[in-house]
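Structure record follows, encoded as structure tokens.
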Amino acid sequence: VRYPVAERFVAPQGEGLYTGVPMAFIRLVGCSVGQKVCTACDTDFDRILPALGGGVYTVEELRAWVRASGVRHVCLTGGEPLDRDLRPLLRALTDGPVVCHVETSGTKHPDWLDVITPPRHRQGQHAVAFPTEREGFVHWEWMPLWVAVSPKPGYLPEMVEVVADEVKVILGGLGDGPGWPTVEDAVRWAEGPATVYVQPRNERLDINGAAMREAVRVVTEHPTLRLSAQLHKYIRTR
Ligand code: SF4
């Protein structure tokens, strides 16, 4: 199996609960949401960028790259990584002391994510199980998986309320159309199992001071929420 990768790099995670944790980022090409909806999208996902490590890679090549980096966390992002069947890649990457993270818009709910079991999920042992057939029997393969949902218009409620380990609500959204989650949505979701962040609508490569101040105001007014500051835009990594 081969995956088209726009770019790949190792850097501290800039968003959410794992902020500051070094991760190997694999940015897959393509997004079914698209920049007509997210007019302020800040990622290059629509083409392979060879100068930034992009290319069409086999599962083995990506696993070797992650192993060589020495990091313990891999982030599959995009674009929309759930536009593709990630099982072969997840199987290969988690064959070792590595936790996989998936960053998604919440607009896709593939069948293979249906088998997350709530009890394990709630105990913080985040995992996904894949049914596979060997020697005529169905076996279950368990893999650690962290699902970060940043809901975009068309998001599926169950992706936010059941599947997500963390939810990142971008204040004001990334576009002017309908369907973006609100602060009220974030506060309601924070009553559920996921940790819920609000994130400012920053510039493409830089922070926006006014948006950050508004995000700080929102989390101080609604203390069940947390602030996701986009650390990478402060420390100038990707
Ligand atoms: S879902 Fe994410 S990657 Fe896709 S267009 Fe929107 S902001 Fe960009």
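Letters for chains follow the order of the structure tokens (A, B, ...), residue numbers begin at 1 for each chain, and ligand numbers begin at 1 in the order shown.
All residues, whether protein, DNA or RNA, that have an atom at most 7 Å from ligand 1 (counting only C-alpha atoms and all ligand atoms) are Cys31, Ser32, Val33, Gly34, Gln35, Val37, Cys38, Cys41, Asp42, Thr43, Phe45, Gly78, Gly79, Glu80, Ser105, Lys152 and Leu174 of chain A.
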Residue subset to file, keeping N, CA and C atoms, as a compact mmCIF listing (two decimals), in the first residue's frame:
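And here is the file that came out, result_35.txt:
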# COMPACT_ATOMS: atom_id res chain seq x y z
N CYS A 31 -8.22 16.68 0.78
CA CYS A 31 -9.16 17.01 1.85
C CYS A 31 -10.55 17.10 1.24
N SER A 32 -11.47 16.28 1.73
CA SER A 32 -12.84 16.27 1.20
C SER A 32 -13.65 17.45 1.71
N VAL A 33 -13.15 18.19 2.68
CA VAL A 33 -13.85 19.40 3.12
C VAL A 33 -13.51 20.54 2.15
N GLY A 34 -12.24 20.86 2.02
CA GLY A 34 -11.80 21.78 0.98
C GLY A 34 -11.80 23.24 1.38
N GLN A 35 -11.04 24.01 0.61
CA GLN A 35 -10.82 25.41 0.95
C GLN A 35 -11.96 26.33 0.51
N VAL A 37 -14.84 25.72 1.75
CA VAL A 37 -15.48 25.78 3.08
C VAL A 37 -14.54 26.46 4.06
N CYS A 38 -13.30 26.00 4.10
CA CYS A 38 -12.31 26.56 5.03
C CYS A 38 -11.47 27.58 4.27
N CYS A 41 -8.02 28.13 5.64
CA CYS A 41 -7.21 26.92 5.89
C CYS A 41 -5.73 27.31 5.89
N ASP A 42 -4.98 26.76 6.87
CA ASP A 42 -3.58 27.17 6.99
C ASP A 42 -2.60 26.06 6.62
N THR A 43 -3.08 25.03 5.89
CA THR A 43 -2.18 23.93 5.58
C THR A 43 -2.07 23.69 4.08
N PHE A 45 -2.07 20.99 1.71
CA PHE A 45 -2.41 19.57 1.68
C PHE A 45 -2.70 19.07 0.28
N GLY A 78 -3.60 16.12 7.72
CA GLY A 78 -3.87 16.40 6.31
C GLY A 78 -3.95 17.90 6.11
N GLY A 79 -4.86 18.22 5.26
CA GLY A 79 -5.94 17.48 4.64
C GLY A 79 -6.82 16.70 5.62
N GLU A 80 -7.50 15.74 5.05
CA GLU A 80 -8.39 14.89 5.84
C GLU A 80 -7.85 13.46 5.75
N SER A 105 -11.31 16.32 10.57
CA SER A 105 -12.37 17.34 10.58
C SER A 105 -13.66 16.81 11.21
N LYS A 152 -15.36 20.64 11.42
CA LYS A 152 -15.60 21.55 10.28
C LYS A 152 -17.05 21.37 9.83
N LEU A 174 -13.10 28.74 10.31
CA LEU A 174 -12.09 29.08 9.31
C LEU A 174 -12.73 29.56 8.01
For Ala40 (chain A): contacts at 10 Å, only C-alpha atoms, fewer than 5 positions along chain excluded, given as a PyMOL selection string = chain A and resi 35+173-176+201-204
Selected residues written out with C-alpha atoms, as an mmCIF file, in the first residue's frame:
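Everything below was put into selection-v8.cif:
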data_model
loop_
_atom_site.group_PDB
_atom_site.id
_atom_site.type_symbol
_atom_site.label_atom_id
_atom_site.label_comp_id
_atom_site.auth_asym_id
_atom_site.auth_seq_id
_atom_site.Cartn_x
_atom_site.Cartn_y
_atom_site.Cartn_z
ATOM 1 C CA GLN A 35 -10.825 25.407 0.955
ATOM 2 C CA GLY A 173 -14.342 28.979 12.343
ATOM 3 C CA LEU A 174 -12.087 29.085 9.308
ATOM 4 C CA GLY A 175 -14.737 30.321 6.867
ATOM 5 C CA ASP A 176 -17.773 32.540 6.632
ATOM 6 C CA ARG A 201 -8.186 31.725 14.233
ATOM 7 C CA ASN A 202 -4.577 32.681 13.663
ATOM 8 C CA GLU A 203 -2.817 33.831 10.531
ATOM 9 C CA ARG A 204 -1.472 31.196 8.189
#
Set the distance at 10 Å and use only C-alpha atoms: which residues neighbour region 70-72 of chain A once local chain neighbours fewer than 4 positions away are removed? I'd like the list as an mmCIF file with all heavy atoms, in the first residue's frame.
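Written file, result-v1.cif:
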data_model
loop_
_atom_site.group_PDB
_atom_site.id
_atom_site.type_symbol
_atom_site.label_atom_id
_atom_site.label_comp_id
_atom_site.auth_asym_id
_atom_site.auth_seq_id
_atom_site.Cartn_x
_atom_site.Cartn_y
_atom_site.Cartn_z
ATOM 1 N N VAL A 10 9.514 16.255 11.672
ATOM 2 C CA VAL A 10 9.481 16.006 13.119
ATOM 3 C C VAL A 10 9.515 17.358 13.823
ATOM 4 O O VAL A 10 10.358 18.200 13.526
ATOM 5 C CB VAL A 10 10.669 15.135 13.567
ATOM 6 C CG1 VAL A 10 10.683 14.987 15.089
ATOM 7 C CG2 VAL A 10 10.595 13.758 12.897
ATOM 8 N N ALA A 11 8.569 17.567 14.723
ATOM 9 C CA ALA A 11 8.475 18.848 15.438
ATOM 10 C C ALA A 11 7.622 18.635 16.679
ATOM 11 O O ALA A 11 6.881 17.649 16.771
ATOM 12 C CB ALA A 11 7.823 19.903 14.536
ATOM 13 N N VAL A 21 4.995 17.886 22.733
ATOM 14 C CA VAL A 21 5.533 16.524 22.595
ATOM 15 C C VAL A 21 6.093 16.352 21.177
ATOM 16 O O VAL A 21 5.375 16.595 20.196
ATOM 17 C CB VAL A 21 4.427 15.477 22.852
ATOM 18 C CG1 VAL A 21 4.953 14.076 22.591
ATOM 19 C CG2 VAL A 21 3.911 15.610 24.275
ATOM 20 N N PRO A 22 7.368 15.947 21.048
ATOM 21 C CA PRO A 22 7.910 15.757 19.696
ATOM 22 C C PRO A 22 7.164 14.645 18.956
ATOM 23 O O PRO A 22 6.945 13.569 19.511
ATOM 24 C CB PRO A 22 9.371 15.353 19.942
ATOM 25 C CG PRO A 22 9.653 15.740 21.350
ATOM 26 C CD PRO A 22 8.366 15.682 22.091
ATOM 27 N N MET A 23 6.790 14.929 17.746
ATOM 28 C CA MET A 23 6.035 13.963 16.943
ATOM 29 C C MET A 23 6.565 13.926 15.520
ATOM 30 O O MET A 23 7.085 14.923 15.022
ATOM 31 C CB MET A 23 4.549 14.355 16.857
ATOM 32 C CG MET A 23 3.803 14.202 18.138
ATOM 33 S SD MET A 23 2.022 14.361 17.868
ATOM 34 C CE MET A 23 1.511 14.400 19.592
ATOM 35 N N ALA A 24 6.387 12.777 14.897
ATOM 36 C CA ALA A 24 6.623 12.661 13.459
ATOM 37 C C ALA A 24 5.293 12.944 12.771
ATOM 38 O O ALA A 24 4.318 12.219 12.979
ATOM 39 C CB ALA A 24 7.115 11.263 13.122
ATOM 40 N N TRP A 65 11.015 5.576 8.297
ATOM 41 C CA TRP A 65 11.291 6.993 8.577
ATOM 42 C C TRP A 65 10.936 7.340 10.022
ATOM 43 O O TRP A 65 11.699 8.010 10.718
ATOM 44 C CB TRP A 65 10.499 7.867 7.597
ATOM 45 C CG TRP A 65 10.605 9.328 7.889
ATOM 46 C CD1 TRP A 65 11.689 10.139 7.695
ATOM 47 C CD2 TRP A 65 9.587 10.163 8.470
ATOM 48 N NE1 TRP A 65 11.408 11.427 8.107
ATOM 49 C CE2 TRP A 65 10.131 11.466 8.585
ATOM 50 C CE3 TRP A 65 8.271 9.929 8.890
ATOM 51 C CZ2 TRP A 65 9.391 12.527 9.108
ATOM 52 C CZ3 TRP A 65 7.551 10.994 9.413
ATOM 53 C CH2 TRP A 65 8.105 12.271 9.520
ATOM 54 N N VAL A 66 9.802 6.842 10.481
ATOM 55 C CA VAL A 66 9.397 7.108 11.873
ATOM 56 C C VAL A 66 10.396 6.458 12.833
ATOM 57 O O VAL A 66 10.851 7.085 13.805
ATOM 58 C CB VAL A 66 7.971 6.595 12.136
ATOM 59 C CG1 VAL A 66 7.645 6.652 13.627
ATOM 60 C CG2 VAL A 66 6.960 7.421 11.346
ATOM 61 N N THR A 94 2.309 1.168 14.479
ATOM 62 C CA THR A 94 2.171 0.831 15.892
ATOM 63 C C THR A 94 2.826 -0.506 16.225
ATOM 64 O O THR A 94 2.671 -1.021 17.323
ATOM 65 C CB THR A 94 0.691 0.804 16.316
ATOM 66 O OG1 THR A 94 -0.029 -0.047 15.432
ATOM 67 C CG2 THR A 94 0.098 2.190 16.279
ATOM 68 N N GLY A 96 5.479 -1.371 17.467
ATOM 69 C CA GLY A 96 6.613 -0.847 18.222
ATOM 70 C C GLY A 96 6.097 0.142 19.241
ATOM 71 O O GLY A 96 4.887 0.333 19.374
ATOM 72 N N PRO A 97 7.003 0.798 19.973
ATOM 73 C CA PRO A 97 6.555 1.675 21.067
ATOM 74 C C PRO A 97 6.119 3.052 20.572
ATOM 75 O O PRO A 97 6.643 4.084 20.970
ATOM 76 C CB PRO A 97 7.803 1.773 21.946
ATOM 77 C CG PRO A 97 8.932 1.661 20.976
ATOM 78 C CD PRO A 97 8.466 0.756 19.864
ATOM 79 N N VAL A 98 5.137 3.056 19.685
ATOM 80 C CA VAL A 98 4.714 4.312 19.066
ATOM 81 C C VAL A 98 3.209 4.471 19.242
ATOM 82 O O VAL A 98 2.466 3.518 19.056
ATOM 83 C CB VAL A 98 5.077 4.306 17.558
ATOM 84 C CG1 VAL A 98 4.392 5.449 16.837
ATOM 85 C CG2 VAL A 98 6.582 4.397 17.362
ATOM 86 N N VAL A 99 2.789 5.668 19.614
ATOM 87 C CA VAL A 99 1.361 5.979 19.674
ATOM 88 C C VAL A 99 1.005 6.794 18.438
ATOM 89 O O VAL A 99 1.681 7.781 18.129
ATOM 90 C CB VAL A 99 1.015 6.783 20.941
ATOM 91 C CG1 VAL A 99 -0.459 7.202 20.929
ATOM 92 C CG2 VAL A 99 1.319 5.969 22.183
ATOM 93 N N CYS A 100 -0.042 6.379 17.742
ATOM 94 C CA CYS A 100 -0.492 7.125 16.572
ATOM 95 C C CYS A 100 -1.579 8.116 16.966
ATOM 96 O O CYS A 100 -2.430 7.812 17.804
ATOM 97 C CB CYS A 100 -1.046 6.173 15.514
ATOM 98 S SG CYS A 100 0.228 5.448 14.501
#
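Closest to Val162 (chain A) among A:Leu49, A:Leu82, A:Cys75, A:Leu113 is A:Leu113, based on only C-alpha atoms.
Per DSSP on the backbone, helix (DSSP H, G or I) in region 139-229 of chain A comprises Pro157, Glu158, Met159, Val160, Glu161, Val162, Val163, Val183, Glu184, Asp185, Ala186, Val187, Arg188, Trp189, Gly209, Ala210, Ala211, Met212, Arg213, Glu214, Ala215, Val216, Arg217, Val218, Val219, Thr220 and Glu221 of chain A.
By only C-alpha atoms, and with residues fewer than 5 positions from Tyr234 (chain A) along its chain excluded, the set lying at most 10 Å from it is Gly14, Leu205, Asp206, Ile207 and Ala229 of chain A.
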Expected file contents, prior selection, N, CA and C atoms, as an mmCIF file, in the first residue's frame:
data_model
loop_
_atom_site.group_PDB
_atom_site.id
_atom_site.type_symbol
_atom_site.label_atom_id
_atom_site.label_comp_id
_atom_site.auth_asym_id
_atom_site.auth_seq_id
_atom_site.Cartn_x
_atom_site.Cartn_y
_atom_site.Cartn_z
ATOM 1 N N GLY A 14 1.878 21.283 18.233
ATOM 2 C CA GLY A 14 1.546 22.658 18.585
ATOM 3 C C GLY A 14 0.150 22.837 19.146
ATOM 4 N N LEU A 205 0.767 31.601 9.091
ATOM 5 C CA LEU A 205 2.035 31.191 9.680
ATOM 6 C C LEU A 205 2.337 31.934 10.970
ATOM 7 N N ASP A 206 1.403 32.713 11.464
ATOM 8 C CA ASP A 206 1.690 33.587 12.599
ATOM 9 C C ASP A 206 0.464 33.636 13.505
ATOM 10 N N ILE A 207 0.678 34.147 14.710
ATOM 11 C CA ILE A 207 -0.469 34.280 15.600
ATOM 12 C C ILE A 207 -1.226 35.574 15.300
ATOM 13 N N ALA A 229 -3.058 26.896 21.835
ATOM 14 C CA ALA A 229 -2.492 28.172 21.383
ATOM 15 C C ALA A 229 -1.782 28.098 20.036
#
